[in-house]
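Asks: So here's work_12.csv, just CSV, C-alpha atoms:
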```
chain,number,residue,atom,x,y,z
A,1,MET,CA,3.7,-17.2,4.8
A,2,ILE,CA,4.4,-16.1,8.4
A,3,LYS,CA,7.9,-15.0,7.4
A,4,GLY,CA,6.4,-13.1,4.4
A,5,VAL,CA,4.1,-11.2,6.8
A,6,LYS,CA,6.9,-10.5,9.2
A,7,ASN,CA,9.0,-9.0,6.3
A,8,ILE,CA,6.1,-6.9,5.1
A,9,PHE,CA,5.8,-5.3,8.6
A,10,LYS,CA,9.5,-4.9,9.1
A,11,ASP,CA,9.8,-3.1,5.8
A,12,GLY,CA,6.7,-1.0,6.1
A,13,VAL,CA,7.3,0.1,9.7
A,14,PHE,CA,11.1,0.5,9.9
A,15,GLN,CA,13.3,0.0,6.9
A,16,ASP,CA,11.0,1.5,4.2
A,17,ASN,CA,9.1,3.7,6.6
A,18,PRO,CA,7.0,6.0,4.4
A,19,VAL,CA,7.7,9.1,6.4
A,20,TYR,CA,11.4,9.2,7.3
A,21,ARG,CA,12.7,6.9,4.5
A,22,GLN,CA,10.5,7.8,1.5
A,23,ILE,CA,9.5,11.4,2.6
A,24,LEU,CA,5.9,10.8,1.8
A,25,GLY,CA,2.8,12.1,3.6
A,26,ILE,CA,4.7,14.8,5.5
A,27,CYS,CA,2.0,17.5,5.1
A,28,SER,CA,-0.3,15.8,7.6
A,29,ALA,CA,2.7,14.5,9.7
A,30,LEU,CA,3.5,18.2,10.4
A,31,ALA,CA,0.0,19.6,10.7
A,32,VAL,CA,-1.8,17.3,13.2
A,33,THR,CA,1.1,16.5,15.5
A,34,ASN,CA,0.6,19.3,18.1
A,35,LEU,CA,-1.5,16.9,20.1
A,36,LEU,CA,-1.1,13.2,20.7
A,37,ILE,CA,-4.9,12.5,20.4
A,38,ASN,CA,-5.1,14.3,17.0
A,39,SER,CA,-2.2,12.3,15.7
A,40,PHE,CA,-3.7,9.1,16.9
A,41,ALA,CA,-7.1,9.8,15.2
A,42,MET,CA,-5.3,10.8,12.0
A,43,SER,CA,-3.2,7.7,12.0
A,44,LEU,CA,-6.1,5.4,12.5
A,45,GLY,CA,-7.9,7.1,9.6
A,46,LEU,CA,-4.8,6.7,7.4
A,47,ILE,CA,-4.4,3.0,8.3
A,48,PHE,CA,-8.0,2.4,7.4
A,49,VAL,CA,-7.8,4.2,4.1
A,50,THR,CA,-4.4,2.7,3.1
A,51,SER,CA,-5.2,-0.9,3.9
A,52,PHE,CA,-8.7,-0.9,2.3
A,53,SER,CA,-7.6,1.1,-0.8
A,54,SER,CA,-4.7,-1.4,-1.3
A,55,LEU,CA,-7.1,-4.3,-0.9
A,56,THR,CA,-9.6,-2.8,-3.4
A,57,VAL,CA,-6.9,-1.8,-5.9
A,58,SER,CA,-5.4,-5.3,-5.7
A,59,LEU,CA,-8.8,-7.0,-6.2
A,60,LEU,CA,-9.4,-4.8,-9.2
A,61,ARG,CA,-5.9,-5.0,-10.6
A,62,ASN,CA,-6.7,-7.4,-13.4
A,63,TYR,CA,-9.7,-5.4,-14.6
A,64,THR,CA,-8.2,-1.9,-14.5
A,65,PRO,CA,-7.0,-0.6,-17.9
A,66,GLY,CA,-3.3,0.6,-17.5
A,67,HIS,CA,-3.8,4.2,-18.6
A,68,LEU,CA,-6.8,4.7,-16.3
A,69,ARG,CA,-5.3,3.2,-13.2
A,70,MET,CA,-4.3,6.5,-11.6
A,71,MET,CA,-7.9,7.8,-11.9
A,72,VAL,CA,-9.4,4.6,-10.6
A,73,GLN,CA,-7.0,4.6,-7.6
A,74,THR,CA,-7.8,8.2,-6.8
A,75,LEU,CA,-11.6,7.5,-6.9
A,76,ILE,CA,-11.1,4.4,-4.7
A,77,ILE,CA,-9.1,6.4,-2.2
A,78,SER,CA,-11.6,9.3,-2.2
A,79,ALA,CA,-14.5,6.8,-1.5
A,80,TYR,CA,-12.7,5.5,1.7
A,81,VAL,CA,-11.8,9.0,2.8
A,82,ILE,CA,-15.4,10.0,2.6
A,83,ILE,CA,-16.3,7.1,4.9
A,84,VAL,CA,-13.7,8.3,7.4
A,85,ASP,CA,-15.0,11.9,7.2
A,86,ILE,CA,-18.6,10.9,7.7
A,87,VAL,CA,-17.8,8.6,10.6
A,88,LEU,CA,-15.7,11.3,12.3
A,89,LYS,CA,-18.4,13.9,11.8
A,90,ALA,CA,-21.1,11.6,13.1
A,91,TYR,CA,-19.4,10.1,16.2
A,92,PHE,CA,-16.5,12.4,17.0
A,93,PRO,CA,-17.6,15.9,16.0
A,94,ALA,CA,-14.9,17.6,18.1
A,95,MET,CA,-12.1,15.6,16.5
A,96,SER,CA,-13.6,16.3,13.1
A,97,SER,CA,-13.4,20.0,13.6
A,98,ALA,CA,-9.9,19.8,15.2
A,99,LEU,CA,-8.5,18.0,12.1
A,100,GLY,CA,-10.4,20.3,9.8
A,101,PRO,CA,-9.4,20.0,6.1
A,102,TYR,CA,-6.6,17.5,6.9
A,103,VAL,CA,-9.1,14.6,6.9
A,104,GLY,CA,-10.0,15.4,3.2
A,105,LEU,CA,-6.3,15.8,2.5
A,106,ILE,CA,-5.7,12.1,3.2
A,107,ILE,CA,-6.7,11.8,-0.5
A,108,THR,CA,-3.5,13.5,-1.6
A,109,ASN,CA,-1.4,11.8,1.0
A,110,CYS,CA,1.3,10.3,-1.2
A,111,ILE,CA,1.7,7.2,1.1
A,112,ILE,CA,-1.6,5.7,-0.1
A,113,MET,CA,-1.1,6.3,-3.8
A,114,GLY,CA,2.5,5.2,-3.4
A,115,ARG,CA,1.5,1.8,-1.8
A,116,CYS,CA,-1.3,1.3,-4.4
A,117,GLU,CA,1.1,2.0,-7.2
A,118,ALA,CA,4.2,0.2,-5.9
A,119,TYR,CA,2.7,-2.8,-4.2
A,120,ALA,CA,-1.1,-3.4,-4.5
A,121,GLN,CA,-1.0,-3.1,-8.3
A,122,LYS,CA,1.3,-6.2,-8.6
A,123,ASN,CA,0.4,-8.3,-5.6
A,124,LYS,CA,-2.4,-10.5,-4.3
A,125,PRO,CA,-5.2,-8.9,-2.1
A,126,LEU,CA,-4.2,-10.2,1.3
A,127,PRO,CA,-0.5,-9.2,1.2
A,128,SER,CA,-1.6,-5.8,-0.2
A,129,PHE,CA,-4.0,-5.3,2.7
A,130,LEU,CA,-1.2,-6.2,5.2
A,131,ASP,CA,1.2,-3.9,3.4
A,132,GLY,CA,-1.2,-1.1,3.7
A,133,ILE,CA,-1.5,-1.7,7.4
A,134,ALA,CA,2.2,-1.9,7.8
A,135,SER,CA,2.8,1.4,6.0
A,136,GLY,CA,0.0,3.0,8.1
A,137,ILE,CA,1.7,1.8,11.3
A,138,GLY,CA,5.0,3.2,10.1
A,139,TYR,CA,3.3,6.5,9.6
A,140,MET,CA,1.6,6.3,13.0
A,141,LEU,CA,5.0,5.6,14.7
A,142,VAL,CA,6.6,8.7,13.4
A,143,LEU,CA,3.5,10.9,14.0
A,144,MET,CA,3.2,9.7,17.6
A,145,SER,CA,6.9,10.3,18.3
A,146,ILE,CA,6.7,13.8,17.0
A,147,ALA,CA,3.5,14.5,18.8
A,148,LEU,CA,4.9,13.1,22.1
A,149,PHE,CA,7.6,15.7,22.2
A,150,ARG,CA,5.5,18.6,20.8
A,151,GLU,CA,2.7,18.0,23.2
A,152,PHE,CA,4.9,17.5,26.2
A,153,LEU,CA,7.1,20.6,25.5
A,154,GLY,CA,4.3,22.7,24.2
A,155,PHE,CA,1.6,22.0,26.8
A,156,GLY,CA,3.3,19.9,29.4
A,157,THR,CA,0.7,17.2,28.9
A,158,PHE,CA,0.5,13.5,27.8
A,159,PHE,CA,-2.7,12.7,26.0
A,160,GLY,CA,-4.2,15.8,27.6
A,161,ILE,CA,-3.2,14.7,31.1
A,162,ALA,CA,-0.9,17.2,32.9
A,163,VAL,CA,2.4,15.4,33.8
A,164,VAL,CA,4.4,18.3,35.1
A,165,GLY,CA,3.8,20.7,37.9
A,166,ASP,CA,3.3,24.5,38.0
A,167,TRP,CA,7.0,25.2,37.6
A,168,TRP,CA,6.8,24.1,34.0
A,169,THR,CA,6.9,26.8,31.3
A,170,ASN,CA,5.3,25.8,28.1
A,171,TRP,CA,7.4,26.1,24.9
A,172,ILE,CA,4.8,28.0,22.8
A,173,PHE,CA,7.2,27.6,19.9
A,174,MET,CA,6.7,23.8,19.9
A,175,ILE,CA,3.0,24.0,19.1
A,176,MET,CA,3.5,26.6,16.4
A,177,PRO,CA,4.5,25.5,12.8
A,178,PRO,CA,8.3,26.0,13.2
A,179,GLY,CA,8.4,23.4,16.1
A,180,ALA,CA,6.9,20.8,13.7
A,181,PHE,CA,9.5,21.4,11.0
A,182,PHE,CA,12.4,21.2,13.5
A,183,MET,CA,11.0,18.0,15.2
A,184,LEU,CA,10.5,16.2,11.8
A,185,GLY,CA,14.0,17.4,10.7
A,186,ILE,CA,15.5,15.9,13.9
A,187,ILE,CA,13.6,12.7,13.5
A,188,LEU,CA,14.9,12.3,9.9
A,189,TRP,CA,18.4,12.9,11.2
A,190,LEU,CA,18.1,10.3,13.9
A,191,ALA,CA,16.4,7.7,11.6
A,192,ASN,CA,19.0,8.1,8.9
A,193,THR,CA,21.8,7.8,11.4
A,194,TYR,CA,20.6,4.8,13.5
A,195,ILE,CA,18.1,2.8,11.4
A,196,PRO,CA,20.0,1.1,8.6
A,197,ALA,CA,18.6,1.3,5.1
A,198,LYS,CA,17.7,-1.9,3.3
A,199,ASP,CA,20.5,-1.3,0.8
A,200,GLU,CA,22.8,1.7,0.5
A,201,LYS,CA,21.3,3.2,-2.6
A,202,VAL,CA,17.9,3.7,-1.0
A,203,GLY,CA,19.6,5.6,1.8
A,204,GLY,CA,20.3,9.3,1.4
A,205,ALA,CA,16.8,10.7,1.3
A,206,GLN,CA,15.8,12.8,-1.7
B,1,MET,CA,-17.4,35.8,7.5
B,2,ASP,CA,-17.0,39.4,6.4
B,3,ILE,CA,-13.4,39.9,5.6
B,4,ASN,CA,-12.1,42.3,3.0
B,5,PRO,CA,-10.7,40.1,0.0
B,6,MET,CA,-7.6,42.3,0.0
B,7,THR,CA,-6.9,41.3,3.6
B,8,ILE,CA,-7.3,37.7,2.7
B,9,LEU,CA,-4.9,38.1,-0.2
B,10,ILE,CA,-2.1,39.7,1.9
B,11,ALA,CA,-2.7,37.3,4.8
B,12,SER,CA,-2.5,34.2,2.7
B,13,ILE,CA,0.8,35.4,1.2
B,14,PHE,CA,2.5,36.3,4.5
B,15,THR,CA,0.9,35.3,7.7
B,16,ASN,CA,-1.3,32.3,6.6
B,17,ASN,CA,1.3,31.0,4.1
B,18,MET,CA,0.2,27.6,2.7
B,19,ILE,CA,3.6,25.9,3.4
B,20,LEU,CA,4.9,27.8,6.5
B,21,ALA,CA,1.7,27.9,8.5
B,22,ASN,CA,-0.5,25.1,7.0
B,23,PHE,CA,2.1,22.6,5.8
B,24,LEU,CA,0.4,22.1,2.4
B,25,GLY,CA,2.2,21.1,-0.7
B,26,MET,CA,5.3,19.8,1.2
B,27,CYS,CA,6.1,16.9,-1.1
B,28,SER,CA,6.9,19.0,-4.2
B,29,PHE,CA,8.2,21.8,-1.9
B,30,ILE,CA,11.0,19.5,-0.8
B,31,ALA,CA,11.6,17.6,-4.0
B,32,VAL,CA,11.7,20.5,-6.5
B,33,SER,CA,13.4,23.2,-4.5
B,34,LYS,CA,16.9,22.6,-5.6
B,35,GLU,CA,17.1,25.4,-8.2
B,36,ILE,CA,15.6,28.8,-8.3
B,37,LYS,CA,14.6,28.6,-11.9
B,38,THR,CA,12.6,25.4,-11.6
B,39,SER,CA,11.0,26.5,-8.3
B,40,LEU,CA,9.8,29.7,-10.0
B,41,GLY,CA,8.3,27.6,-12.8
B,42,LEU,CA,6.5,25.3,-10.5
B,43,GLY,CA,5.4,28.3,-8.4
B,44,GLN,CA,3.8,30.0,-11.4
B,45,ALA,CA,2.0,26.8,-12.4
B,46,VAL,CA,0.7,26.3,-8.9
B,47,THR,CA,-0.5,29.9,-8.7
B,48,PHE,CA,-2.3,29.6,-12.0
B,49,VAL,CA,-4.0,26.3,-11.2
B,50,LEU,CA,-4.9,27.5,-7.7
B,51,THR,CA,-6.6,30.6,-9.0
B,52,GLY,CA,-8.6,28.6,-11.6
B,53,THR,CA,-9.6,25.7,-9.4
B,54,SER,CA,-10.6,27.8,-6.4
B,55,ILE,CA,-13.2,29.7,-8.6
B,56,ILE,CA,-14.5,26.5,-10.4
B,57,ASN,CA,-14.7,24.6,-7.1
B,58,TYR,CA,-16.5,27.5,-5.4
B,59,LEU,CA,-19.1,27.6,-8.2
B,60,ILE,CA,-19.6,23.8,-8.3
B,61,TYR,CA,-19.9,23.6,-4.5
B,62,THR,CA,-22.4,26.6,-4.1
B,63,TYR,CA,-24.5,25.9,-7.2
B,64,LEU,CA,-24.4,22.1,-7.6
B,65,LEU,CA,-23.5,20.4,-4.4
B,66,GLU,CA,-25.1,22.5,-1.8
B,67,PRO,CA,-28.6,22.8,-3.3
B,68,PHE,CA,-28.9,19.1,-3.7
B,69,GLY,CA,-27.4,18.3,-0.2
B,70,LEU,CA,-24.4,16.5,-1.7
B,71,GLU,CA,-21.7,18.2,0.3
B,72,TYR,CA,-20.2,14.9,1.3
B,73,LEU,CA,-19.2,14.3,-2.3
B,74,ARG,CA,-17.0,17.3,-2.3
B,75,PHE,CA,-13.7,15.4,-1.9
B,76,ILE,CA,-14.3,13.4,-5.1
B,77,VAL,CA,-15.7,16.3,-7.0
B,78,PHE,CA,-12.9,18.6,-6.1
B,79,ILE,CA,-10.2,16.2,-7.0
B,80,ILE,CA,-11.8,15.4,-10.4
B,81,THR,CA,-12.1,19.2,-11.1
B,82,ILE,CA,-8.5,19.7,-10.3
B,83,ALA,CA,-7.3,16.8,-12.5
B,84,ALA,CA,-9.6,17.9,-15.3
B,85,PHE,CA,-8.5,21.5,-15.0
B,86,VAL,CA,-4.8,20.6,-15.1
B,87,GLN,CA,-5.3,18.4,-18.1
B,88,LEU,CA,-7.2,21.2,-19.9
B,89,VAL,CA,-4.7,23.8,-19.1
B,90,GLU,CA,-1.9,21.6,-20.3
B,91,MET,CA,-3.7,21.1,-23.7
B,92,ILE,CA,-4.5,24.8,-24.1
B,93,ILE,CA,-1.0,26.0,-23.3
B,94,GLU,CA,0.6,23.4,-25.5
B,95,ARG,CA,-1.6,24.5,-28.4
B,96,TYR,CA,-1.5,28.3,-28.1
B,97,VAL,CA,1.6,29.3,-26.0
B,98,PRO,CA,4.2,26.7,-26.8
B,99,THR,CA,7.0,28.7,-25.1
B,100,LEU,CA,5.1,28.7,-21.8
B,101,TYR,CA,4.4,25.0,-22.3
B,102,TYR,CA,8.1,24.2,-22.4
B,103,SER,CA,8.8,26.1,-19.2
B,104,LEU,CA,5.7,24.9,-17.3
B,105,GLY,CA,5.0,21.7,-19.1
B,106,ILE,CA,6.7,19.2,-16.9
B,107,PHE,CA,5.3,20.6,-13.7
B,108,LEU,CA,1.7,20.6,-14.6
B,109,PRO,CA,1.0,16.8,-14.1
B,110,LEU,CA,2.8,17.1,-10.7
B,111,ILE,CA,0.3,19.7,-9.6
B,112,THR,CA,-2.7,17.3,-9.5
B,113,VAL,CA,-1.3,15.6,-6.5
B,114,ASN,CA,-0.1,18.8,-4.8
B,115,CYS,CA,-2.1,18.9,-1.6
B,116,ALA,CA,-2.0,22.8,-1.5
B,117,ILE,CA,-4.5,22.8,-4.4
B,118,LEU,CA,-7.1,20.5,-2.7
B,119,GLY,CA,-6.3,22.2,0.6
B,120,VAL,CA,-7.3,25.6,-0.6
B,121,SER,CA,-10.6,24.3,-1.9
B,122,LEU,CA,-11.3,22.6,1.4
B,123,PHE,CA,-10.3,25.6,3.5
B,124,MET,CA,-12.5,27.8,1.3
B,125,VAL,CA,-15.5,25.5,2.1
B,126,ILE,CA,-14.8,25.3,5.8
B,127,ARG,CA,-14.3,29.1,6.2
B,128,GLU,CA,-17.4,29.8,4.1
B,129,TYR,CA,-15.8,32.3,1.8
B,130,THR,CA,-17.7,34.2,-0.9
B,131,LEU,CA,-16.6,34.2,-4.6
B,132,LEU,CA,-14.4,37.2,-4.3
B,133,GLN,CA,-12.8,36.0,-1.1
B,134,SER,CA,-12.2,32.6,-2.6
B,135,LEU,CA,-10.5,34.2,-5.6
B,136,ALA,CA,-8.3,36.3,-3.3
B,137,PHE,CA,-7.5,33.3,-1.2
B,138,GLY,CA,-6.5,31.3,-4.3
B,139,ILE,CA,-4.2,33.9,-5.8
B,140,GLY,CA,-2.7,34.8,-2.4
B,141,SER,CA,-2.0,31.1,-1.5
B,142,GLY,CA,-0.4,30.6,-4.9
B,143,LEU,CA,1.9,33.6,-4.5
B,144,GLY,CA,2.7,32.7,-0.9
B,145,TRP,CA,3.6,29.2,-2.0
B,146,THR,CA,5.8,30.6,-4.8
B,147,LEU,CA,7.5,33.0,-2.4
B,148,ALA,CA,8.3,30.2,0.0
B,149,ILE,CA,9.7,27.7,-2.5
B,150,VAL,CA,11.8,30.3,-4.3
B,151,ALA,CA,13.3,31.5,-1.0
B,152,LEU,CA,14.0,27.9,0.0
B,153,ALA,CA,15.7,27.2,-3.4
B,154,ALA,CA,17.9,30.3,-3.0
B,155,ILE,CA,19.0,29.1,0.5
B,156,ARG,CA,19.6,25.5,-0.8
B,157,GLN,CA,21.7,26.8,-3.6
B,158,LYS,CA,23.9,28.7,-1.2
B,159,ILE,CA,24.5,25.7,1.1
B,160,LYS,CA,25.1,23.2,-1.6
B,161,ASN,CA,28.7,22.8,-0.6
B,162,ALA,CA,28.3,23.3,3.1
B,163,PRO,CA,29.6,20.4,5.4
B,164,ILE,CA,26.2,19.0,6.6
B,165,PRO,CA,26.2,15.8,8.8
B,166,LYS,CA,25.5,12.8,6.7
B,167,GLY,CA,22.2,11.8,8.2
B,168,LEU,CA,20.9,15.3,7.9
B,169,GLN,CA,21.6,15.8,4.2
B,170,GLY,CA,18.7,16.2,1.8
B,171,ALA,CA,15.3,16.3,3.3
B,172,GLY,CA,16.5,16.7,6.9
B,173,VAL,CA,18.3,20.0,6.5
B,174,THR,CA,15.6,21.3,4.2
B,175,LEU,CA,13.0,20.8,7.0
B,176,ILE,CA,15.2,22.6,9.5
B,177,ILE,CA,15.7,25.5,7.0
B,178,THR,CA,11.9,25.6,6.5
B,179,GLY,CA,11.5,25.7,10.2
B,180,LEU,CA,13.7,28.8,10.4
B,181,MET,CA,11.8,30.4,7.6
B,182,ALA,CA,8.5,29.7,9.3
B,183,LEU,CA,9.9,31.3,12.4
B,184,ALA,CA,10.8,34.4,10.4
B,185,PHE,CA,7.3,34.6,8.9
B,186,ILE,CA,5.8,34.4,12.3
B,187,GLY,CA,7.4,37.8,12.9
B,188,LEU,CA,4.9,39.2,10.3
B,189,SER,CA,1.8,37.8,12.1
B,190,GLY,CA,1.1,41.2,13.7
B,191,VAL,CA,0.4,42.7,10.3
B,192,VAL,CA,-2.8,40.8,9.4
B,193,THR,CA,-4.4,37.6,10.6
B,194,ILE,CA,-7.3,35.6,9.4
B,195,GLN,CA,-8.6,32.5,11.0
```
Output the file's structure in the form of structure tokens.

Replies:
Amino acid sequence: MIKGVKNIFKDGVFQDNPVYRQILGICSALAVTNLLINSFAMSLGLIFVTSFSSLTVSLLRNYTPGHLRMMVQTLIISAYVIIVDIVLKAYFPAMSSALGPYVGLIITNCIIMGRCEAYAQKNKPLPSFLDGIASGIGYMLVLMSIALFREFLGFGTFFGIAVVGDWWTNWIFMIMPPGAFFMLGIILWLANTYIPAKDEKVGGAQ
Amino acid sequence: MDINPMTILIASIFTNNMILANFLGMCSFIAVSKEIKTSLGLGQAVTFVLTGTSIINYLIYTYLLEPFGLEYLRFIVFIITIAAFVQLVEMIIERYVPTLYYSLGIFLPLITVNCAILGVSLFMVIREYTLLQSLAFGIGSGLGWTLAIVALAAIRQKIKNAPIPKGLQGAGVTLIITGLMALAFIGLSGVVTIQ
């Protein structure tokens, strides 16, 4: 059991990382990574939605008719996203307006649907829940590493705290869209070069 | 919010491009941009669905959800509208315009999960657009998306045989190209801007 849990996390976070290995969920990975704090909030939201949707899908897997399962999954995911949206609006209004429509877009984040379809549909509730958390952490890892560089180079700050002196010139380019594309491209390059794929045929990203 | 719909149309094609400025619809953007012909097909389908769903979602939101204070249900309602619209369009096209169905057919189901569609509906609510503005925003976003994916497909066809480092092949180099395209489009931002 312990070994199984370890494998789920190893796969979800490194070897089968949803972002750099499966190229899923990159819309939000690009959009919210101009600040570390935004990426952090977004990742927590995604971990919550992925893990609980996987849990629910897995619990209902024997009662869901095959041809309706996509619809059921979408509705389950939407319900959890609504919870995240309401909580953000009520307790963190500033964060809610900074993330804007990207909170709602968690619904179409392919990571969640992918995990529900590929794992939760065929596995028991507890492993599915952990698998959701693992994929969410994998997503968080990539988002935070992009945001670390973008925030540092673009604003000269770390979580909003200035870490460099007056001599620093901000790279405005890094906080604009092209910076996001370049950073994610570079991260994909590094990941494909240094983190071995589980087996060769999964390698070469499509 | 009193912006000329024409301004919104132009801005959403060039300066507030769905992909290059808002990162929406990236999944299919990277997966389907290998050939110009298929990209153009997907682009047409996206434009069509965006135009339809932005109007329908506007009407549902203003006349059903808002009067009853049900705004928080918008995520579920929008995604159902989009799925239903795509299904309906698929059936109508298959019945009456079979030639169009064969060129667009395979792309339609893909569109339900394209985040650009849901994104446009959500942006429209946040920015409090009117009906005409929403229509312009829907059409413009679709055209902008098509422009970006066709341009990317053209570049990818040209570099098919280029010696790219192994780790960068596929999605990696596509992202870098998209970055360069985004950089080029920023040059147009002096023309019109909407926020």

Asks: What would the list of residues within 12 Å of (4.6, 35.8, 11.5) (file frame) look like as a list in words, if all atoms listed in the file are what count?

Replies: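 Checking each residue against the 12 Å limit leaves Met176, Pro177 and Pro178 of chain A; Ala11, Ser12, Ile13, Phe14, Thr15, Asn16, Asn17, Leu20, Ala21, Leu180, Met181, Ala182, Leu183, Ala184, Phe185, Ile186, Gly187, Leu188, Ser189, Gly190, Val191, Val192 and Thr193 of chain B.
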
Asks: At a cut-off of 12 Å, using all atoms listed in the file, what residues contact range 79-93 of chain A? Leave out same-chain residues fewer than 6 positions from it and give the result as an mmCIF file with C-alpha atoms, in the frame of the given file.

Replies:
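Saved result, part-v2.cif, follows:
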```cif
data_model
loop_
_atom_site.group_PDB
_atom_site.id
_atom_site.type_symbol
_atom_site.label_atom_id
_atom_site.label_comp_id
_atom_site.auth_asym_id
_atom_site.auth_seq_id
_atom_site.Cartn_x
_atom_site.Cartn_y
_atom_site.Cartn_z
ATOM 1 C CA ASN A 38 -5.100 14.300 17.000
ATOM 2 C CA ALA A 41 -7.100 9.800 15.200
ATOM 3 C CA MET A 42 -5.300 10.800 12.000
ATOM 4 C CA SER A 43 -3.200 7.700 12.000
ATOM 5 C CA LEU A 44 -6.100 5.400 12.500
ATOM 6 C CA GLY A 45 -7.900 7.100 9.600
ATOM 7 C CA LEU A 46 -4.800 6.700 7.400
ATOM 8 C CA ILE A 47 -4.400 3.000 8.300
ATOM 9 C CA PHE A 48 -8.000 2.400 7.400
ATOM 10 C CA VAL A 49 -7.800 4.200 4.100
ATOM 11 C CA THR A 50 -4.400 2.700 3.100
ATOM 12 C CA SER A 51 -5.200 -0.900 3.900
ATOM 13 C CA PHE A 52 -8.700 -0.900 2.300
ATOM 14 C CA SER A 53 -7.600 1.100 -0.800
ATOM 15 C CA SER A 54 -4.700 -1.400 -1.300
ATOM 16 C CA LEU A 55 -7.100 -4.300 -0.900
ATOM 17 C CA THR A 56 -9.600 -2.800 -3.400
ATOM 18 C CA VAL A 72 -9.400 4.600 -10.600
ATOM 19 C CA GLN A 73 -7.000 4.600 -7.600
ATOM 20 C CA LEU A 99 -8.500 18.000 12.100
ATOM 21 C CA GLY A 100 -10.400 20.300 9.800
ATOM 22 C CA PRO A 101 -9.400 20.000 6.100
ATOM 23 C CA TYR A 102 -6.600 17.500 6.900
ATOM 24 C CA VAL A 103 -9.100 14.600 6.900
ATOM 25 C CA GLY A 104 -10.000 15.400 3.200
ATOM 26 C CA LEU A 105 -6.300 15.800 2.500
ATOM 27 C CA ILE A 106 -5.700 12.100 3.200
ATOM 28 C CA ILE A 107 -6.700 11.800 -0.500
ATOM 29 C CA THR A 108 -3.500 13.500 -1.600
ATOM 30 C CA ASN A 109 -1.400 11.800 1.000
ATOM 31 C CA ILE A 112 -1.600 5.700 -0.100
ATOM 32 C CA LEU B 70 -24.400 16.500 -1.700
ATOM 33 C CA GLU B 71 -21.700 18.200 0.300
ATOM 34 C CA TYR B 72 -20.200 14.900 1.300
ATOM 35 C CA LEU B 73 -19.200 14.300 -2.300
ATOM 36 C CA ARG B 74 -17.000 17.300 -2.300
ATOM 37 C CA PHE B 75 -13.700 15.400 -1.900
ATOM 38 C CA ILE B 76 -14.300 13.400 -5.100
ATOM 39 C CA VAL B 77 -15.700 16.300 -7.000
ATOM 40 C CA ILE B 79 -10.200 16.200 -7.000
#
```

Asks: So how far away is CA of Gln44 in chain B from CA of Phe85 in chain B, in Å?

Replies: 15.4 Å

Asks: May I have the residues of chain B within 6 Å of chain A, counting all atoms listed in the file, written as a PyMOL selection string?

Replies: chain B and resi 21+23-24+26+76+113+115+122+167-168+170+172+175-176+179+182-183

Asks: When you count all atoms listed in the file, which of these residues is closest to Ile55 in chain B: B:Phe137, B:Phe123, B:Tyr102, B:Phe29?

Replies: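 Looking at the shortest contact to Ile55 in chain B, the residue is B:Phe137.
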
Asks: Using all atoms listed in the file, find all polymer residues with an atom at most 12 Å away from the point (6.6, 11.6, 22.2); report them as a list in words.

Replies: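 The residues that fall inside the cut-off are Thr33, Asn34, Leu35, Leu36, Ile37, Ser39, Phe40, Met140, Leu141, Val142, Leu143, Met144, Ser145, Ile146, Ala147, Leu148, Phe149, Arg150, Glu151, Phe152, Leu153, Gly154, Gly156, Thr157, Phe158, Phe159, Met183 and Ile187 of chain A.
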
Asks: Would you save the residues of that selection, restricted to C-alpha atoms, as a CSV table (one decimal), keeping the file's coordinate frame?

Replies:
```csv
chain,number,residue,atom,x,y,z
A,33,THR,CA,1.1,16.5,15.5
A,34,ASN,CA,0.6,19.3,18.1
A,35,LEU,CA,-1.5,16.9,20.1
A,36,LEU,CA,-1.1,13.2,20.7
A,37,ILE,CA,-4.9,12.5,20.4
A,39,SER,CA,-2.2,12.3,15.7
A,40,PHE,CA,-3.7,9.1,16.9
A,140,MET,CA,1.6,6.3,13.0
A,141,LEU,CA,5.0,5.6,14.7
A,142,VAL,CA,6.6,8.7,13.4
A,143,LEU,CA,3.5,10.9,14.0
A,144,MET,CA,3.2,9.7,17.6
A,145,SER,CA,6.9,10.3,18.3
A,146,ILE,CA,6.7,13.8,17.0
A,147,ALA,CA,3.5,14.5,18.8
A,148,LEU,CA,4.9,13.1,22.1
A,149,PHE,CA,7.6,15.7,22.2
A,150,ARG,CA,5.5,18.6,20.8
A,151,GLU,CA,2.7,18.0,23.2
A,152,PHE,CA,4.9,17.5,26.2
A,153,LEU,CA,7.1,20.6,25.5
A,154,GLY,CA,4.3,22.7,24.2
A,156,GLY,CA,3.3,19.9,29.4
A,157,THR,CA,0.7,17.2,28.9
A,158,PHE,CA,0.5,13.5,27.8
A,159,PHE,CA,-2.7,12.7,26.0
A,183,MET,CA,11.0,18.0,15.2
A,187,ILE,CA,13.6,12.7,13.5
```

Asks: Interatomic distance between CA of Ile36 in chain B and CA of Ala153 in chain B?

Replies: 5.2 Å

Asks: Do a neighbour search on range 61-63 of chain A at 9 Å with only C-alpha atoms, toss out local chain neighbours closer than 2 positions, and write the hits as a list of chain:residue names.

Replies: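 Residues near the query, excluding close chain neighbours: A:Thr56, A:Val57, A:Ser58, A:Leu59, A:Pro65, A:Arg69, A:Ala120, A:Gln121, A:Lys122, A:Asn123.
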